[in-house]
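**Student:** entry.tsv is reproduced in full below (TSV, C-alpha atoms and all ligand atoms).
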chain	number	residue	atom	x	y	z
A	1	MET	CA	0.00	0.00	0.00
A	2	ARG	CA	1.35	3.38	-0.90
A	3	VAL	CA	-0.05	6.85	-0.36
A	4	LYS	CA	1.52	9.98	-1.75
A	5	SER	CA	0.78	13.56	-0.67
A	6	LEU	CA	-2.66	12.87	0.68
A	7	SER	CA	-4.55	15.94	1.83
A	8	LEU	CA	-8.10	15.85	3.07
A	9	THR	CA	-10.49	18.60	4.05
A	10	PHE	CA	-14.06	17.66	4.93
A	11	ALA	CA	-17.10	19.45	3.55
A	12	ASN	CA	-17.54	21.17	6.91
A	13	GLY	CA	-14.11	22.78	6.51
A	14	LEU	CA	-12.20	20.51	8.89
A	15	LYS	CA	-8.74	20.09	7.47
A	16	LEU	CA	-7.60	16.66	8.60
A	17	PHE	CA	-4.52	15.78	6.54
A	18	ASP	CA	-1.99	17.91	4.81
A	19	GLY	CA	0.30	15.96	2.52
A	20	ILE	CA	0.63	12.51	4.09
A	21	ASP	CA	3.07	10.00	2.59
A	22	PHE	CA	3.50	6.41	3.65
A	23	SER	CA	3.87	2.93	2.30
A	24	VAL	CA	3.55	-0.56	3.70
A	25	ASP	CA	5.40	-3.48	2.15
A	26	GLU	CA	4.08	-6.97	1.66
A	27	GLY	CA	4.38	-9.09	4.80
A	28	GLU	CA	4.82	-6.16	7.17
A	29	ARG	CA	2.86	-5.84	10.39
A	30	VAL	CA	2.14	-2.17	11.02
A	31	ALA	CA	0.36	-0.56	13.96
A	32	ILE	CA	-1.18	2.88	13.58
A	33	ILE	CA	-1.46	4.85	16.78
A	34	GLY	CA	-2.79	8.30	17.66
A	35	ARG	CA	-5.27	10.01	19.91
A	36	ASN	CA	-9.04	9.95	19.40
A	37	GLY	CA	-9.91	11.99	16.35
A	38	ALA	CA	-6.33	12.06	15.02
A	39	GLY	CA	-7.59	10.57	11.76
A	40	LYS	CA	-6.51	6.92	11.90
A	41	SER	CA	-9.77	5.44	10.61
A	42	THR	CA	-10.07	8.11	7.94
A	43	LEU	CA	-6.50	7.56	6.82
A	44	LEU	CA	-7.09	3.86	6.20
A	45	ARG	CA	-10.28	4.47	4.27
A	46	ALA	CA	-8.72	7.25	2.22
A	47	ALA	CA	-5.73	5.02	1.43
A	48	LEU	CA	-8.12	2.52	-0.15
A	49	GLY	CA	-9.87	5.25	-2.10
A	50	MET	CA	-13.02	4.83	-0.02
A	51	ILE	CA	-13.48	8.52	0.71
A	52	PRO	CA	-12.85	11.47	-1.55
A	53	ARG	CA	-9.74	13.41	-0.63
A	54	SER	CA	-9.08	17.01	-1.54
A	55	LYS	CA	-5.70	16.57	-3.09
A	56	SER	CA	-3.42	13.64	-3.59
A	57	GLU	CA	-0.75	12.40	-5.94
A	58	GLY	CA	-2.31	8.99	-5.62
A	59	GLU	CA	-2.89	5.78	-3.74
A	60	TRP	CA	-1.55	2.42	-4.89
A	61	LEU	CA	-2.47	-1.07	-3.81
A	62	TYR	CA	-0.25	-3.91	-5.00
A	63	GLY	CA	1.18	-1.49	-7.53
A	64	GLU	CA	-2.22	-0.61	-8.99
A	65	PRO	CA	-3.24	3.05	-8.92
A	66	MET	CA	-6.45	3.09	-6.88
A	67	HIS	CA	-6.99	6.71	-7.95
A	68	ASN	CA	-6.99	5.80	-11.59
A	69	ILE	CA	-8.53	2.41	-12.33
A	70	SER	CA	-11.93	1.19	-13.39
A	71	GLY	CA	-14.60	0.40	-10.83
A	72	ARG	CA	-14.48	-3.28	-11.57
A	73	LYS	CA	-10.71	-3.53	-11.27
A	74	ARG	CA	-10.87	-1.56	-8.05
A	75	ARG	CA	-13.44	-3.92	-6.58
A	76	ARG	CA	-11.31	-6.90	-7.57
A	77	LEU	CA	-8.31	-5.39	-5.79
A	78	LEU	CA	-10.36	-4.62	-2.72
A	79	CYS	CA	-11.37	-8.30	-2.58
A	80	GLN	CA	-7.83	-8.96	-1.45
A	81	VAL	CA	-8.29	-6.71	1.56
A	82	GLY	CA	-9.99	-8.02	4.68
A	83	PHE	CA	-11.26	-4.92	6.50
A	84	ILE	CA	-12.32	-5.21	10.10
A	85	HIS	CA	-14.12	-1.98	10.83
A	86	GLN	CA	-14.16	-0.12	14.10
A	87	ARG	CA	-17.90	-0.75	14.12
A	88	HIS	CA	-17.96	-4.36	13.06
A	89	ASN	CA	-20.84	-4.15	10.55
A	90	LEU	CA	-22.26	-7.65	10.89
A	91	VAL	CA	-25.60	-8.46	9.32
A	92	PRO	CA	-27.65	-8.41	12.54
A	93	ARG	CA	-30.41	-10.80	11.52
A	94	ALA	CA	-28.05	-13.41	10.08
A	95	THR	CA	-26.41	-16.04	12.27
A	96	ALA	CA	-22.77	-15.84	13.33
A	97	LEU	CA	-21.92	-18.65	10.90
A	98	THR	CA	-23.72	-16.99	8.00
A	99	ASN	CA	-21.83	-13.76	8.69
A	100	VAL	CA	-18.52	-15.63	8.62
A	101	ILE	CA	-19.39	-17.47	5.41
A	102	HIS	CA	-20.23	-14.13	3.78
A	103	GLY	CA	-16.50	-13.42	4.00
A	104	ALA	CA	-15.89	-16.13	1.38
A	105	MET	CA	-18.09	-14.49	-1.22
A	106	VAL	CA	-15.29	-12.34	-2.55
A	107	ARG	CA	-13.29	-15.43	-3.44
A	108	TYR	CA	-15.82	-16.42	-6.07
A	109	HIS	CA	-17.41	-14.96	-9.15
A	110	PRO	CA	-19.28	-11.69	-8.50
A	111	SER	CA	-22.58	-13.44	-9.15
A	112	PHE	CA	-21.86	-16.01	-6.44
A	113	ARG	CA	-23.96	-15.37	-3.36
A	114	VAL	CA	-24.19	-17.20	-0.10
A	115	TRP	CA	-27.05	-15.63	1.75
A	116	ASN	CA	-27.42	-18.24	4.41
A	117	GLN	CA	-25.20	-20.85	6.02
A	118	ALA	CA	-27.87	-23.51	5.39
A	119	LEU	CA	-27.51	-22.98	1.63
A	120	ALA	CA	-23.72	-22.68	1.58
A	121	PRO	CA	-21.56	-25.45	0.11
A	122	ALA	CA	-20.38	-27.89	2.78
A	123	HIS	CA	-16.71	-26.98	2.46
A	124	LEU	CA	-17.50	-23.31	3.18
A	125	ARG	CA	-19.66	-24.24	6.16
A	126	ASP	CA	-16.80	-26.36	7.51
A	127	GLU	CA	-14.29	-23.61	6.94
A	128	GLY	CA	-16.59	-21.07	8.62
A	129	MET	CA	-17.16	-23.39	11.58
A	130	GLU	CA	-13.44	-23.95	11.97
A	131	LEU	CA	-12.80	-20.21	12.10
A	132	LEU	CA	-15.61	-19.73	14.62
A	133	GLU	CA	-14.08	-22.48	16.69
A	134	ARG	CA	-10.74	-20.76	16.60
A	135	VAL	CA	-12.20	-17.48	17.80
A	136	GLY	CA	-13.96	-19.41	20.57
A	137	LEU	CA	-17.51	-19.08	19.30
A	138	ALA	CA	-18.39	-22.47	17.82
A	139	ASP	CA	-21.27	-22.80	20.28
A	140	ARG	CA	-22.72	-19.50	19.03
A	141	ALA	CA	-22.56	-20.35	15.34
A	142	LEU	CA	-26.33	-20.41	14.93
A	143	ASN	CA	-27.07	-17.41	17.11
A	144	ARG	CA	-28.13	-14.27	15.33
A	145	ALA	CA	-25.44	-11.61	15.28
A	146	SER	CA	-27.87	-9.23	16.99
A	147	ALA	CA	-27.87	-11.57	19.99
A	148	LEU	CA	-24.09	-11.47	20.43
A	149	SER	CA	-22.19	-9.17	22.77
A	150	GLY	CA	-19.91	-6.48	21.35
A	151	GLY	CA	-16.82	-8.58	21.94
A	152	GLN	CA	-18.39	-11.69	20.42
A	153	SER	CA	-19.45	-9.66	17.38
A	154	GLN	CA	-15.90	-8.43	17.00
A	155	ARG	CA	-14.64	-12.04	16.98
A	156	VAL	CA	-17.17	-12.93	14.30
A	157	ALA	CA	-15.97	-9.93	12.26
A	158	ILE	CA	-12.39	-11.19	12.57
A	159	ALA	CA	-13.45	-14.69	11.46
A	160	ARG	CA	-15.35	-13.19	8.54
A	161	ALA	CA	-12.35	-11.17	7.39
A	162	LEU	CA	-10.09	-14.21	7.56
A	163	MET	CA	-12.64	-16.27	5.64
A	164	GLN	CA	-11.81	-13.99	2.72
A	165	ARG	CA	-8.21	-15.28	2.82
A	166	PRO	CA	-7.08	-11.72	2.23
A	167	LYS	CA	-3.56	-10.78	1.21
A	168	LEU	CA	-3.88	-7.67	3.32
A	169	VAL	CA	-5.76	-7.45	6.60
A	170	ILE	CA	-6.71	-4.00	7.87
A	171	ALA	CA	-8.17	-3.90	11.33
A	172	ASP	CA	-9.45	-0.73	12.93
A	173	GLU	CA	-9.21	-1.35	16.68
A	174	PRO	CA	-9.94	-5.08	16.36
A	175	VAL	CA	-10.25	-5.69	20.08
A	176	ALA	CA	-11.68	-2.35	21.19
A	177	SER	CA	-14.87	-3.79	22.62
A	178	LEU	CA	-13.28	-6.69	24.49
A	179	ASP	CA	-12.32	-6.82	28.14
A	180	PRO	CA	-8.54	-6.72	28.72
A	181	VAL	CA	-8.11	-10.50	29.09
A	182	ALA	CA	-10.27	-11.36	26.08
A	183	GLY	CA	-8.61	-8.50	24.16
A	184	GLU	CA	-5.20	-10.02	24.74
A	185	GLU	CA	-6.41	-13.49	23.75
A	186	VAL	CA	-8.15	-12.32	20.60
A	187	MET	CA	-5.25	-10.07	19.56
A	188	GLU	CA	-2.87	-13.01	20.04
A	189	LEU	CA	-5.10	-15.32	18.05
A	190	PHE	CA	-5.80	-12.69	15.42
A	191	SER	CA	-2.15	-11.98	14.77
A	192	ARG	CA	-1.39	-15.71	14.66
A	193	LEU	CA	-4.16	-16.40	12.13
A	194	VAL	CA	-3.01	-13.50	9.97
A	195	ALA	CA	0.56	-14.82	10.09
A	196	GLU	CA	-0.61	-18.33	9.17
A	197	GLN	CA	-2.28	-16.90	6.09
A	198	ASN	CA	0.94	-14.99	5.25
A	199	SER	CA	-1.08	-11.81	5.07
A	200	THR	CA	0.15	-8.27	5.54
A	201	LEU	CA	-1.36	-6.64	8.62
A	202	ILE	CA	-2.22	-3.02	9.31
A	203	PHE	CA	-4.06	-2.37	12.54
A	204	VAL	CA	-5.11	0.62	14.58
A	205	SER	CA	-4.72	0.34	18.31
A	206	HIS	CA	-5.07	2.56	21.35
A	207	HIS	CA	-3.50	-0.10	23.46
A	208	LEU	CA	0.18	0.68	23.07
A	209	PRO	CA	1.44	-2.68	24.41
A	210	HIS	CA	-0.48	-4.34	21.54
A	211	ALA	CA	1.12	-2.00	19.01
A	212	VAL	CA	4.56	-2.86	20.35
A	213	ARG	CA	3.92	-6.60	20.66
A	214	TYR	CA	1.99	-7.41	17.50
A	215	ALA	CA	3.55	-5.05	14.97
A	216	ASP	CA	7.02	-4.75	13.49
A	217	ARG	CA	6.57	-1.09	12.74
A	218	ILE	CA	4.59	1.76	14.27
A	219	LEU	CA	3.13	4.80	12.54
A	220	GLY	CA	1.96	7.68	14.73
A	221	VAL	CA	-0.72	10.05	13.44
A	222	ARG	CA	-0.83	13.55	14.92
A	223	ASP	CA	-1.76	17.04	13.76
A	224	GLY	CA	-2.67	15.89	10.25
A	225	ARG	CA	0.63	14.15	9.68
A	226	ILE	CA	2.40	10.87	10.25
A	227	ASP	CA	5.00	12.17	12.63
A	228	LEU	CA	6.35	8.84	13.77
A	229	ASP	CA	7.51	5.92	11.66
A	230	CYS	CA	9.76	3.56	13.55
A	231	ALA	CA	10.46	-0.05	14.41
A	232	ALA	CA	8.04	-1.34	17.03
A	233	ASP	CA	10.82	-1.83	19.56
A	234	ALA	CA	12.45	1.55	18.98
A	235	LYS	CA	10.46	3.46	21.61
A	236	SER	CA	9.22	2.65	25.08
A	237	ILE	CA	5.51	2.44	25.80
A	238	GLU	CA	5.92	5.44	28.13
A	239	GLU	CA	7.46	7.54	25.37
A	240	LEU	CA	4.72	6.57	22.93
A	241	GLY	CA	2.02	7.14	25.55
A	242	ASN	CA	3.16	10.69	26.26
A	243	ILE	CA	2.59	11.70	22.65
A	244	TYR	CA	-0.02	9.34	21.23
A	245	GLY	CA	-1.85	7.97	24.27
A	246	ASP	CA	-5.41	8.96	25.09
A	247	ASN	CA	-5.63	10.33	28.58
A	248	ASP	CA	-9.09	8.99	29.18
A	249	ASP	CA	-8.97	5.79	27.19
A	250	ASP	CA	-6.27	3.25	27.43
A	251	ASP	CA	-8.21	0.08	26.84
A	252	ASP	CA	-8.25	-0.77	23.18
A	301	LIG	N1	-17.43	12.81	7.16
A	301	LIG	C1	-16.83	13.62	8.04
A	301	LIG	N2	-17.07	14.96	8.04
A	301	LIG	C2	-16.47	15.77	8.90
A	301	LIG	N3	-15.58	15.39	9.83
A	301	LIG	C3	-15.28	14.08	9.90
A	301	LIG	C4	-15.89	13.12	9.01
A	301	LIG	N4	-15.39	11.90	9.29
A	301	LIG	C5	-14.53	12.08	10.31
A	301	LIG	N5	-14.46	13.38	10.67
A	301	LIG	C6	-13.59	13.97	11.71
A	301	LIG	O1	-12.25	13.68	11.37
A	301	LIG	C7	-11.47	13.43	12.54
A	301	LIG	C8	-10.78	12.10	12.42
A	301	LIG	O2	-11.75	11.05	12.53
A	301	LIG	P1	-11.28	9.53	12.58
A	301	LIG	O3	-12.50	8.72	12.78
A	301	LIG	O4	-10.44	9.24	11.41
A	301	LIG	O5	-10.37	9.54	13.88
A	301	LIG	P2	-9.65	8.32	14.62
A	301	LIG	O6	-8.21	8.67	14.76
A	301	LIG	O7	-9.98	7.05	13.96
A	301	LIG	O8	-10.32	8.42	16.07
A	301	LIG	P3	-10.74	7.25	17.10
A	301	LIG	O9	-9.48	6.90	17.83
A	301	LIG	O10	-11.69	7.94	18.01
A	301	LIG	O11	-11.33	6.13	16.34
A	301	LIG	C9	-12.44	13.56	13.71
A	301	LIG	O12	-12.31	14.85	14.25
A	301	LIG	C10	-13.80	13.36	13.07
A	301	LIG	O13	-14.78	14.06	13.80
A	302	MG	MG	-11.06	5.39	14.53
Would you mind writing the file out in structure tokens?
Ligand SMILES: Nc1ncnc2c1ncn2[C@@H]1O[C@H](COP(=O)(O)OP(=O)(O)OP(=O)(O)O)[C@@H](O)[C@H]1O
Ligand SMILES: [Mg+2]
**Tutor:**
Amino acid sequence: MRVKSLSLTFANGLKLFDGIDFSVDEGERVAIIGRNGAGKSTLLRAALGMIPRSKSEGEWLYGEPMHNISGRKRRRLLCQVGFIHQRHNLVPRATALTNVIHGAMVRYHPSFRVWNQALAPAHLRDEGMELLERVGLADRALNRASALSGGQSQRVAIARALMQRPKLVIADEPVASLDPVAGEEVMELFSRLVAEQNSTLIFVSHHLPHAVRYADRILGVRDGRIDLDCAADAKSIEELGNIYGDNDDDDD
């Protein structure tokens, strides 16, 4: 992923970014840190061309110019990205298993649709069940997503993203709604599953120990810029916390 001179001003006049440059190489594990409202979520979406930016020399994904390709080619590229959103966006009325199996849709022809786990091919059901088992939710497979807790929903969203077998996994605060113990477990598991799939990982975290432990490289977003780009072990958690920590919110 590569972003060159990205500037973004919202319609309401808020100027968020002013000439951001960064790139992430294949196989890297990158944590993005920064205070609430610094622009982490927006940066990731803008990098994938998901929101209009005011000025930019371009965004590239796997060498393809996202700013200058057809809609169909763009969609095909985005199929390689498993995006775990800050709000997990499950289909509330569908079961946990159906939500996970939906992740596989992008691996098939655009006309291929799996609306319901009961209609899905057996191998996809098995694969979905295995992922649910790994995130500790096999017993909830047939519960509707709307009946799951925030943390359980987040695990389903992780399983769904991995079901895509994405080359690049982008996770916006993947364990934000989990209690500290579950957060640690799920982050551990998540990073292991991503590594097993040989995927590149970019994740946003407010929990600095996670950034240090599960990434190789840390990017810090502040004042509309990336003002930190270093190896994950280059700075202490205290140093990072002084600049990028949220005073009121330290539990990712
Ligand atoms: N569509 C929009 N119009 C105007 N302002 C917006 C819009 N989307 C986001 N913002 C503002 O841009 C800033 C960055 O938002 P963003 O969600 O990227 O922050 P963040 O770093 O992800 O924060 P958090 O840690 O709370 O998730 C915020 O001040 C937000 O209010
Ligand atoms: Mg955010």
**Student:** I need the residue nearest ligand MG 302 (chain A) from this list: A:Gln117, A:Gln197, A:Thr42, A:Asn143. Use all atoms listed in the file for the distance.
**Tutor:**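 Closest to ligand MG 302 (chain A) of all the choices is A:Thr42.
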**Student:** Name the residues in contact with Trp60 in chain A at a cut-off of 12 Å, using all atoms listed in the file, excluding same-chain residues fewer than 4 positions from it; report them as a list in words.
**Tutor:** Met1, Arg2, Val3, Lys4, Leu6, Asp21, Phe22, Ser23, Val24, Asp25, Ala46, Ala47, Leu48, Gly49, Ser56, Glu64, Pro65, Met66, His67, Asn68, Ile69, Arg74, Leu77 and Leu78 of chain A
**Student:** Which residue out of A:Asn89, A:Gln154, A:Asn12, A:Asn116 has the minimum interatomic distance to ligand LIG 301 (chain A) when only C-alpha atoms and all ligand atoms are used?
**Tutor:**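 Looking at the shortest contact to ligand LIG 301 (chain A), the residue is A:Asn12.
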**Student:** Identify which of the residues A:Leu97, A:Pro209, A:Gly39, A:Ile33 lies closest to Ala118 in chain A, counting only C-alpha atoms when measuring atom-to-atom distances.
**Tutor:**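 Closest candidate: A:Leu97.
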**Student:** Can you tell me, as a count of residues only, what residues are no more than 12 Å from Ala195 in chain A when counting all atoms listed in the file, ignoring any on the same chain fewer than 6 positions away?
**Tutor:** 14
**Student:** Between A:His206, A:Arg125, A:Arg160, A:Arg134, which one has atoms that come closest to ligand MG 302 (chain A), using all atoms listed in the file?
**Tutor:** A:His206
**Student:** With the cut-off set at 7 Å and counting only C-alpha atoms and all ligand atoms, tabulate each residue of chain A with an atom at most that distance from an atom of ligand MG 302 (chain A), showing the nearest atom pair and its distance in Å to one decimal, ordered by chain and increasing number, as CSV.
**Tutor:**
residue,atom,partner,partner_atom,distance
A:Asn36,CA,A:MG302,MG,7.0
A:Gly37,CA,A:MG302,MG,6.9
A:Gly39,CA,A:MG302,MG,6.8
A:Lys40,CA,A:MG302,MG,5.5
A:Ser41,CA,A:MG302,MG,4.1
A:Gln86,CA,A:MG302,MG,6.3
A:Asp172,CA,A:MG302,MG,6.5
**Student:** Hey, which residues come within 12 Å of ligand LIG 301 (chain A) if we count only C-alpha atoms and all ligand atoms? Could you give them as a ChimeraX atom specification?
**Tutor:** /A:8-17,32-47,50-53,85-87,171-174,176,203-207,220-226,244-252
**Student:** Mind giving me the straight-line distance from CA of Lys235 in chain A to CA of Arg217 in chain A in Å, one decimal?
**Tutor:**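 According to the coordinates, CA of Lys235 in chain A and CA of Arg217 in chain A are separated by 10.7 Å.
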**Student:** Measuring atom to atom with only C-alpha atoms, identify which of A:Leu142, A:Val100, A:Leu148, A:Ile84 is nearest to Phe190 in chain A.
**Tutor:** A:Ile84
**Student:** Please measure the separation of CA of His102 in chain A and CA of Glu185 in chain A, giving the value in Å to one decimal.
**Tutor:**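 Distance reported for this atom pair: 24.3 Å.
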